[in-house]
>>> print(open('my_file15.cif').read())   # mmCIF, C-alpha atoms
data_protein
#
loop_
_atom_site.label_atom_id
_atom_site.label_comp_id
_atom_site.auth_asym_id
_atom_site.auth_seq_id
_atom_site.Cartn_x
_atom_site.Cartn_y
_atom_site.Cartn_z
CA MET A 1 7.09 -64.49 -12.42
CA ARG A 2 5.83 -60.96 -12.03
CA GLY A 3 7.65 -58.26 -13.90
CA THR A 4 9.18 -60.68 -16.39
CA PRO A 5 9.72 -59.61 -20.00
CA PRO A 6 7.00 -60.34 -22.58
CA VAL A 7 7.01 -63.61 -24.50
CA LEU A 8 5.99 -63.86 -28.15
CA CYS A 9 4.86 -67.13 -29.72
CA TYR A 10 5.05 -67.68 -33.47
CA HIS A 11 4.25 -70.94 -35.26
CA ARG A 12 4.82 -71.06 -39.01
CA ILE A 13 6.87 -68.52 -40.96
CA GLY A 14 6.31 -68.56 -44.71
CA GLY A 15 5.67 -71.72 -46.69
CA PRO A 16 2.33 -72.75 -48.22
CA LEU A 17 -0.86 -70.89 -47.36
CA GLU A 18 -3.22 -72.50 -44.87
CA LEU A 19 -6.84 -72.41 -43.80
CA GLY A 20 -5.78 -71.67 -40.23
CA VAL A 21 -4.43 -68.54 -38.53
CA THR A 22 -0.90 -69.44 -37.42
CA ARG A 23 1.05 -68.74 -40.61
CA VAL A 24 2.92 -65.43 -40.66
CA GLY A 25 4.39 -64.34 -43.99
CA ARG A 26 8.17 -64.30 -44.26
CA SER A 27 8.15 -60.63 -45.32
CA VAL A 28 5.99 -59.72 -42.31
CA PHE A 29 8.26 -61.61 -39.93
CA GLY A 30 11.38 -60.06 -41.43
CA ARG A 31 9.89 -56.58 -41.21
CA GLN A 32 8.86 -57.08 -37.58
CA MET A 33 12.22 -58.40 -36.42
CA THR A 34 14.14 -55.70 -38.29
CA ALA A 35 11.93 -52.97 -36.84
CA LEU A 36 12.37 -54.34 -33.32
CA ALA A 37 16.14 -54.53 -33.68
CA ARG A 38 16.29 -50.94 -34.96
CA ALA A 39 14.11 -49.80 -32.06
CA GLY A 40 16.57 -51.28 -29.56
CA TRP A 41 14.77 -54.49 -28.66
CA ARG A 42 16.87 -57.51 -27.67
CA THR A 43 15.93 -61.17 -27.41
CA LEU A 44 16.65 -63.25 -24.32
CA SER A 45 17.85 -66.79 -23.90
CA LEU A 46 15.87 -69.07 -21.58
CA SER A 47 18.60 -68.72 -18.97
CA GLU A 48 18.48 -64.92 -19.13
CA PHE A 49 14.69 -64.97 -19.02
CA SER A 50 14.54 -67.18 -15.93
CA HIS A 51 17.28 -65.37 -13.98
CA PRO A 52 16.45 -61.65 -14.05
CA ARG A 53 18.56 -60.92 -10.98
CA THR A 54 21.72 -61.87 -12.82
CA THR A 55 20.86 -60.37 -16.20
CA HIS A 56 19.15 -57.12 -15.12
CA HIS A 57 16.44 -57.12 -17.78
CA ALA A 58 16.48 -53.98 -19.84
CA PRO A 59 13.09 -52.42 -20.68
CA ARG A 60 13.15 -53.59 -24.31
CA THR A 61 13.89 -57.28 -23.92
CA PHE A 62 11.63 -60.18 -24.83
CA LEU A 63 11.65 -63.94 -25.20
CA LEU A 64 11.01 -65.07 -28.77
CA THR A 65 9.50 -68.54 -29.14
CA PHE A 66 8.24 -70.83 -31.88
CA ASP A 67 5.85 -73.72 -31.37
CA ASP A 68 5.81 -77.04 -33.29
CA GLY A 69 9.24 -76.74 -34.93
CA TYR A 70 8.36 -76.61 -38.60
CA ALA A 71 11.21 -77.03 -41.09
CA SER A 72 10.45 -73.68 -42.72
CA LEU A 73 11.92 -71.97 -39.66
CA ALA A 74 15.41 -72.94 -40.84
CA ASP A 75 14.71 -71.31 -44.20
CA HIS A 76 12.64 -68.24 -43.34
CA ALA A 77 13.10 -67.37 -39.65
CA TYR A 78 16.42 -68.45 -38.15
CA PRO A 79 18.63 -66.78 -40.81
CA VAL A 80 16.79 -63.48 -40.31
CA LEU A 81 17.29 -63.68 -36.56
CA ALA A 82 20.95 -64.66 -36.86
CA ASP A 83 21.66 -61.68 -39.10
CA LEU A 84 20.08 -59.35 -36.53
CA GLY A 85 21.87 -60.89 -33.56
CA PHE A 86 18.59 -62.29 -32.23
CA THR A 87 17.97 -65.76 -30.85
CA ALA A 88 14.87 -67.84 -30.15
CA THR A 89 13.56 -70.91 -28.37
CA THR A 90 11.68 -73.50 -30.43
CA PHE A 91 9.36 -75.97 -28.72
CA LEU A 92 9.54 -79.31 -30.52
CA ILE A 93 6.94 -82.08 -30.79
CA THR A 94 9.54 -84.74 -30.17
CA ASP A 95 7.80 -87.75 -31.75
CA TYR A 96 7.53 -85.78 -35.02
CA VAL A 97 11.01 -84.30 -35.36
CA GLY A 98 12.06 -84.88 -38.96
CA LYS A 99 8.58 -86.13 -39.88
CA THR A 100 5.41 -84.63 -41.32
CA ASN A 101 2.63 -83.11 -39.23
CA THR A 102 0.18 -86.00 -39.29
CA TRP A 103 -0.59 -85.10 -35.66
CA ASP A 104 -2.50 -82.02 -36.86
CA VAL A 105 -5.70 -81.32 -38.76
CA ARG A 106 -4.75 -80.75 -42.41
CA TYR A 107 -4.86 -76.99 -42.94
CA THR A 108 -2.64 -77.13 -46.05
CA TRP A 109 -2.91 -79.14 -49.26
CA ASN A 110 0.20 -81.17 -48.45
CA ARG A 111 1.45 -82.17 -45.04
CA LEU A 112 4.18 -79.97 -43.57
CA THR A 113 7.63 -81.15 -42.54
CA HIS A 114 9.19 -80.61 -39.13
CA LEU A 115 12.82 -79.78 -38.41
CA SER A 116 15.15 -82.78 -38.29
CA TRP A 117 17.50 -83.54 -35.42
CA THR A 118 20.44 -82.61 -37.64
CA GLU A 119 18.95 -79.17 -38.27
CA THR A 120 18.18 -78.59 -34.59
CA GLU A 121 21.73 -79.54 -33.64
CA GLN A 122 23.16 -77.18 -36.25
CA TRP A 123 21.07 -74.24 -35.06
CA GLN A 124 21.65 -75.07 -31.40
CA ALA A 125 25.37 -74.72 -32.11
CA ARG A 126 24.61 -71.20 -33.37
CA GLY A 127 22.95 -70.17 -30.11
CA PHE A 128 19.33 -71.14 -30.75
CA GLU A 129 17.52 -73.14 -28.07
CA PHE A 130 15.06 -76.02 -28.20
CA ALA A 131 12.61 -77.32 -25.63
CA SER A 132 9.49 -79.47 -25.25
CA HIS A 133 6.06 -79.11 -26.85
CA GLY A 134 5.05 -82.57 -25.69
CA ALA A 135 5.65 -85.86 -27.46
CA THR A 136 2.60 -85.81 -29.75
CA HIS A 137 0.92 -82.39 -29.24
CA ARG A 138 -2.05 -83.73 -27.31
CA ARG A 139 -4.13 -81.38 -25.13
CA LEU A 140 -2.77 -82.34 -21.71
CA THR A 141 -5.76 -81.16 -19.69
CA TRP A 142 -7.93 -83.77 -21.44
CA LEU A 143 -5.64 -86.69 -20.60
CA ASP A 144 -5.40 -88.86 -17.50
CA ASP A 145 -2.42 -88.52 -15.20
CA ALA A 146 -0.50 -91.44 -16.67
CA SER A 147 -0.87 -90.12 -20.21
CA VAL A 148 0.19 -86.59 -19.23
CA GLU A 149 3.25 -87.96 -17.49
CA ALA A 150 4.12 -90.12 -20.49
CA GLU A 151 3.82 -87.13 -22.84
CA LEU A 152 6.01 -84.88 -20.72
CA ARG A 153 8.62 -87.38 -19.54
CA SER A 154 9.09 -88.97 -22.94
CA SER A 155 9.55 -85.60 -24.61
CA ARG A 156 12.01 -84.39 -22.00
CA GLU A 157 14.07 -87.59 -22.10
CA THR A 158 14.29 -87.42 -25.89
CA LEU A 159 15.41 -83.80 -25.83
CA THR A 160 18.07 -84.27 -23.17
CA THR A 161 19.41 -87.34 -24.97
CA ARG A 162 19.64 -85.60 -28.35
CA LEU A 163 20.43 -82.00 -27.38
CA GLY A 164 21.77 -82.07 -23.83
CA PRO A 165 20.38 -81.26 -20.37
CA THR A 166 19.49 -77.64 -21.08
CA ALA A 167 16.91 -78.78 -23.66
CA GLY A 168 14.91 -80.39 -20.86
CA ARG A 169 14.36 -77.24 -18.83
CA ALA A 170 11.21 -75.85 -20.42
CA VAL A 171 7.88 -76.96 -21.85
CA ALA A 172 5.21 -75.13 -23.84
CA TYR A 173 1.86 -76.79 -23.19
CA PRO A 174 0.09 -77.68 -26.45
CA PHE A 175 -2.75 -75.21 -27.14
CA GLY A 176 -1.61 -73.32 -24.02
CA ALA A 177 -3.85 -75.70 -22.04
CA VAL A 178 -2.72 -76.21 -18.46
CA ASN A 179 -4.29 -76.68 -15.03
CA PRO A 180 -2.98 -77.37 -11.50
CA ARG A 181 -2.88 -81.12 -12.15
CA VAL A 182 -0.74 -80.72 -15.28
CA LEU A 183 1.48 -78.19 -13.51
CA GLY A 184 2.23 -80.71 -10.77
CA ILE A 185 3.09 -83.44 -13.25
CA ALA A 186 5.32 -81.08 -15.25
CA GLN A 187 7.21 -80.17 -12.10
CA ARG A 188 7.68 -83.80 -11.12
CA ALA A 189 8.89 -84.56 -14.64
CA GLY A 190 11.75 -82.12 -14.11
CA TYR A 191 10.69 -78.98 -15.96
CA GLU A 192 11.72 -75.63 -14.51
CA LEU A 193 9.75 -73.37 -16.87
CA GLY A 194 6.34 -73.84 -18.43
CA PHE A 195 4.59 -71.62 -20.97
CA GLY A 196 0.82 -71.44 -21.28
CA GLY A 197 -1.69 -69.14 -22.94
CA VAL A 198 -2.13 -65.38 -22.99
CA ARG A 199 -3.18 -65.29 -19.37
CA GLY A 200 -0.61 -66.95 -17.16
CA GLY A 201 -0.38 -68.02 -13.55
CA GLY A 202 1.04 -65.01 -11.76
CA ALA A 203 4.42 -65.77 -10.20
CA ASN A 204 4.42 -69.48 -11.10
CA PRO A 205 7.45 -70.18 -13.38
CA LEU A 206 5.60 -73.21 -14.76
CA GLN A 207 2.72 -71.09 -16.05
CA VAL A 208 4.30 -68.16 -17.86
CA PRO A 209 1.98 -66.32 -20.28
CA ARG A 210 2.77 -65.90 -23.97
CA VAL A 211 1.11 -63.83 -26.67
CA PRO A 212 0.69 -65.72 -29.97
CA VAL A 213 1.35 -63.87 -33.21
CA TYR A 214 -1.30 -64.76 -35.79
CA PHE A 215 -1.52 -63.74 -39.44
CA TRP A 216 -3.49 -60.55 -38.72
CA ASP A 217 -0.79 -59.28 -36.33
CA ALA A 218 1.14 -57.71 -39.20
CA GLY A 219 2.31 -54.39 -37.75
CA ALA A 220 5.94 -53.49 -37.18
CA VAL A 221 5.54 -54.13 -33.44
CA PRO A 222 3.53 -57.27 -32.53
CA PHE A 223 0.63 -56.81 -30.13
CA GLY A 224 2.48 -58.66 -27.37
CA LEU A 225 5.13 -55.93 -27.19
CA ARG A 226 2.78 -52.94 -27.32
CA ASP A 227 1.59 -51.25 -24.13
CA ASP A 228 -1.10 -49.08 -25.73
CA GLY A 229 -4.79 -49.69 -26.38
CA ILE A 230 -4.07 -51.48 -29.65
CA GLY A 231 -1.80 -53.86 -27.80
CA VAL A 232 -4.47 -54.60 -25.21
CA LEU A 233 -7.06 -55.22 -27.92
CA GLY A 234 -4.65 -57.40 -29.89
CA ARG A 235 -3.84 -59.54 -26.87
CA THR A 236 -7.55 -59.98 -26.16
CA VAL A 237 -8.22 -61.12 -29.72
CA ALA A 238 -5.25 -63.51 -29.51
CA TYR A 239 -6.66 -64.93 -26.28
CA VAL A 240 -10.04 -65.57 -27.89
CA ALA A 241 -8.42 -67.17 -30.94
CA ASN A 242 -6.30 -69.40 -28.74
CA ARG A 243 -9.38 -70.52 -26.81
CA CYS A 244 -11.10 -71.40 -30.08
CA ALA A 245 -8.34 -73.92 -30.76
CA VAL A 246 -10.39 -76.39 -28.73
CA GLY A 247 -12.12 -77.19 -32.03
CA THR A 248 -8.81 -78.45 -33.41
CA THR A 249 -8.45 -80.73 -30.40
CA ILE A 250 -11.89 -82.23 -30.98
CA MET A 251 -11.08 -82.88 -34.63
CA GLN A 252 -7.75 -84.43 -33.64
CA THR A 253 -9.51 -86.78 -31.25
CA PHE A 254 -11.61 -88.22 -34.06
CA THR A 255 -8.80 -88.44 -36.61
CA ARG A 256 -6.06 -89.71 -34.28
CA ARG A 257 -7.72 -93.10 -33.87
CA SER A 258 -7.34 -93.93 -37.55
CA ALA A 259 -4.19 -91.94 -38.30
CA PRO A 260 -1.10 -93.82 -39.52
CA LEU A 261 2.16 -93.82 -37.62
CA PRO A 262 4.33 -90.69 -38.10
CA GLU A 263 5.56 -90.59 -41.67
CA SER A 264 9.34 -90.58 -41.96
CA VAL A 265 11.04 -88.23 -44.37
CA ALA A 266 14.46 -88.26 -45.95
CA GLY A 267 17.34 -86.87 -43.93
CA VAL A 268 16.09 -87.83 -40.46
#
>>> encode(input="my_file15.cif", output="C-alpha cells")
Amino acid sequence: MRGTPPVLCYHRIGGPLELGVTRVGRSVFGRQMTALARAGWRTLSLSEFSHPRTTHHAPRTFLLTFDDGYASLADHAYPVLADLGFTATTFLITDYVGKTNTWDVRYTWNRLTHLSWTETEQWQARGFEFASHGATHRRLTWLDDASVEAELRSSRETLTTRLGPTAGRAVAYPFGAVNPRVLGIAQRAGYELGFGGVRGGGANPLQVPRVPVYFWDAGAVPFGLRDDGIGVLGRTVAYVANRCAVGTTIMQTFTRRSAPLPESVAGV
C-alpha cells in the first residue's frame, strides 16, 4: 500500500506506572492529540484508510490505533479524541476482553483490566472501531500453522459475532511479528488488512507498517508523523525497541504453561 497515510500505534494511556515502555501519560497524549488537531491533522477510519481512491487522502491524515484494548482507554483516551472529532481503531485480544492481562508479563504491581464488550459496543456506537489482536496475544511466527489459524479465526469470529462484520476486517499481529506463512493464513481467515511492525511489506495490504508511540515519544508531534531527521531517528529507535520485545515472548512462553485461566472481572 504505497503512498498510504502514516499509522500510529499506542498501547496504554495513563493508569499505573510500569516497568515497560508502552505507557504514555494522559497529559502527553492529550497534548499530542490537541496539537495535531490544531495543526490540521485528521484521523481516518479503517474504511477511509483502505480506500484512498474514494476518500482522496489529504496530506495531514493518519490512522490512529491502539493495541491490547486496555480499559483505561475509555477513561483517558477516547473522551479526548471524541472532543477533538478524532476517531481510532483498537485491536482487541478477544479472549481477554473484560478480563485482566494475565496473558502478559507483569510490568505493573497489579494486573490491568481490559475493555469489556459493553464498553466496546458503546464506543463503537460513537464511531470508534475495533479489530483483532489475536485471541491470546501469542507471537504468531513462533506457532505452527494450526495454532496460527486457531488464533486468527477464533478472534475474527468472536469480533464479528459481538460487533458485526466490519470488526473482522483487520488484524494487528502481536509484537508486529509476521512472515509470509502468517500472511497467507491471515488472508485465508478472511482479513483484508494486517498491521505489522515499523517496516512493512510494501504494497501488501496485509502487512501495513505502524510506528509505535513509546513513553519517550513525548513531543507535540509523534515521531511517526514527522518527516525530518528527528522523525527518522525516532522511527529507528521504535523499530529497535519493538524488536527487543522478543524477550517478552520468551518470558511469556515460560509463564503461560502455569498461568491460570483468564480472570473474570465484574461487569463483563
>>> resolve_selection(input="my_file15.cif", expression="the PyMOL selection byres ((chain A and resi 66-69) around 8)", output="NGL selection string")
:A and (9-12 or 64-65 or 70-71 or 73 or 88-93 or 97 or 114-115 or 133 or 172)
>>> residues_around(input="my_file15.cif", residues="A:Tyr96", least_positions_apart="5", cutoff="8 Å", atoms="only C-alpha atoms", output="ChimeraX atom specification")
/A:101,114,135-136,262
>>> residues_around(input="my_file15.cif", residues="A:Ser45", least_positions_apart="3", cutoff="9 Å", atoms="only C-alpha atoms", output="list in words")
Glu48, Phe49, Ser50, Leu63, Leu64, Thr87, Ala88, Thr89, Gly127, Phe128 and Glu129 of chain A
>>> write_last_selection(input="my_file15.cif", atoms="C-alpha atoms", output="mmCIF file, in the coordinates of the input")
data_model
loop_
_atom_site.group_PDB
_atom_site.id
_atom_site.type_symbol
_atom_site.label_atom_id
_atom_site.label_comp_id
_atom_site.auth_asym_id
_atom_site.auth_seq_id
_atom_site.Cartn_x
_atom_site.Cartn_y
_atom_site.Cartn_z
ATOM 1 C CA GLU A 48 18.480 -64.920 -19.130
ATOM 2 C CA PHE A 49 14.690 -64.970 -19.020
ATOM 3 C CA SER A 50 14.540 -67.180 -15.930
ATOM 4 C CA LEU A 63 11.650 -63.940 -25.200
ATOM 5 C CA LEU A 64 11.010 -65.070 -28.770
ATOM 6 C CA THR A 87 17.970 -65.760 -30.850
ATOM 7 C CA ALA A 88 14.870 -67.840 -30.150
ATOM 8 C CA THR A 89 13.560 -70.910 -28.370
ATOM 9 C CA GLY A 127 22.950 -70.170 -30.110
ATOM 10 C CA PHE A 128 19.330 -71.140 -30.750
ATOM 11 C CA GLU A 129 17.520 -73.140 -28.070
#
>>> residues_around(input="my_file15.cif", residues="A:Pro16", least_positions_apart="4", cutoff="9 Å", atoms="all atoms listed in the file", output="mmCIF file with C-alpha atoms, keeping the file's coordinate frame")
data_model
loop_
_atom_site.group_PDB
_atom_site.id
_atom_site.type_symbol
_atom_site.label_atom_id
_atom_site.label_comp_id
_atom_site.auth_asym_id
_atom_site.auth_seq_id
_atom_site.Cartn_x
_atom_site.Cartn_y
_atom_site.Cartn_z
ATOM 1 C CA ARG A 23 1.050 -68.740 -40.610
ATOM 2 C CA THR A 108 -2.640 -77.130 -46.050
ATOM 3 C CA TRP A 109 -2.910 -79.140 -49.260
ATOM 4 C CA ASN A 110 0.200 -81.170 -48.450
ATOM 5 C CA LEU A 112 4.180 -79.970 -43.570
#
>>> residues_around(input="my_file15.cif", residues="A:Arg162", least_positions_apart="3", cutoff="8 Å", atoms="all atoms listed in the file", output="PDB file with C-alpha atoms, in the coordinates of the input")
ATOM      1  CA  TRP A 117      17.500 -83.540 -35.420  1.00  0.00           C
ATOM      2  CA  THR A 158      14.290 -87.420 -25.890  1.00  0.00           C
ATOM      3  CA  LEU A 159      15.410 -83.800 -25.830  1.00  0.00           C
TER       4      LEU A 159
END
>>> closest_residue(input="my_file15.cif", among="A:Leu81, A:Leu8, A:Ala241, A:Phe195", to="A:Phe62", atoms="all atoms listed in the file")
A:Leu8
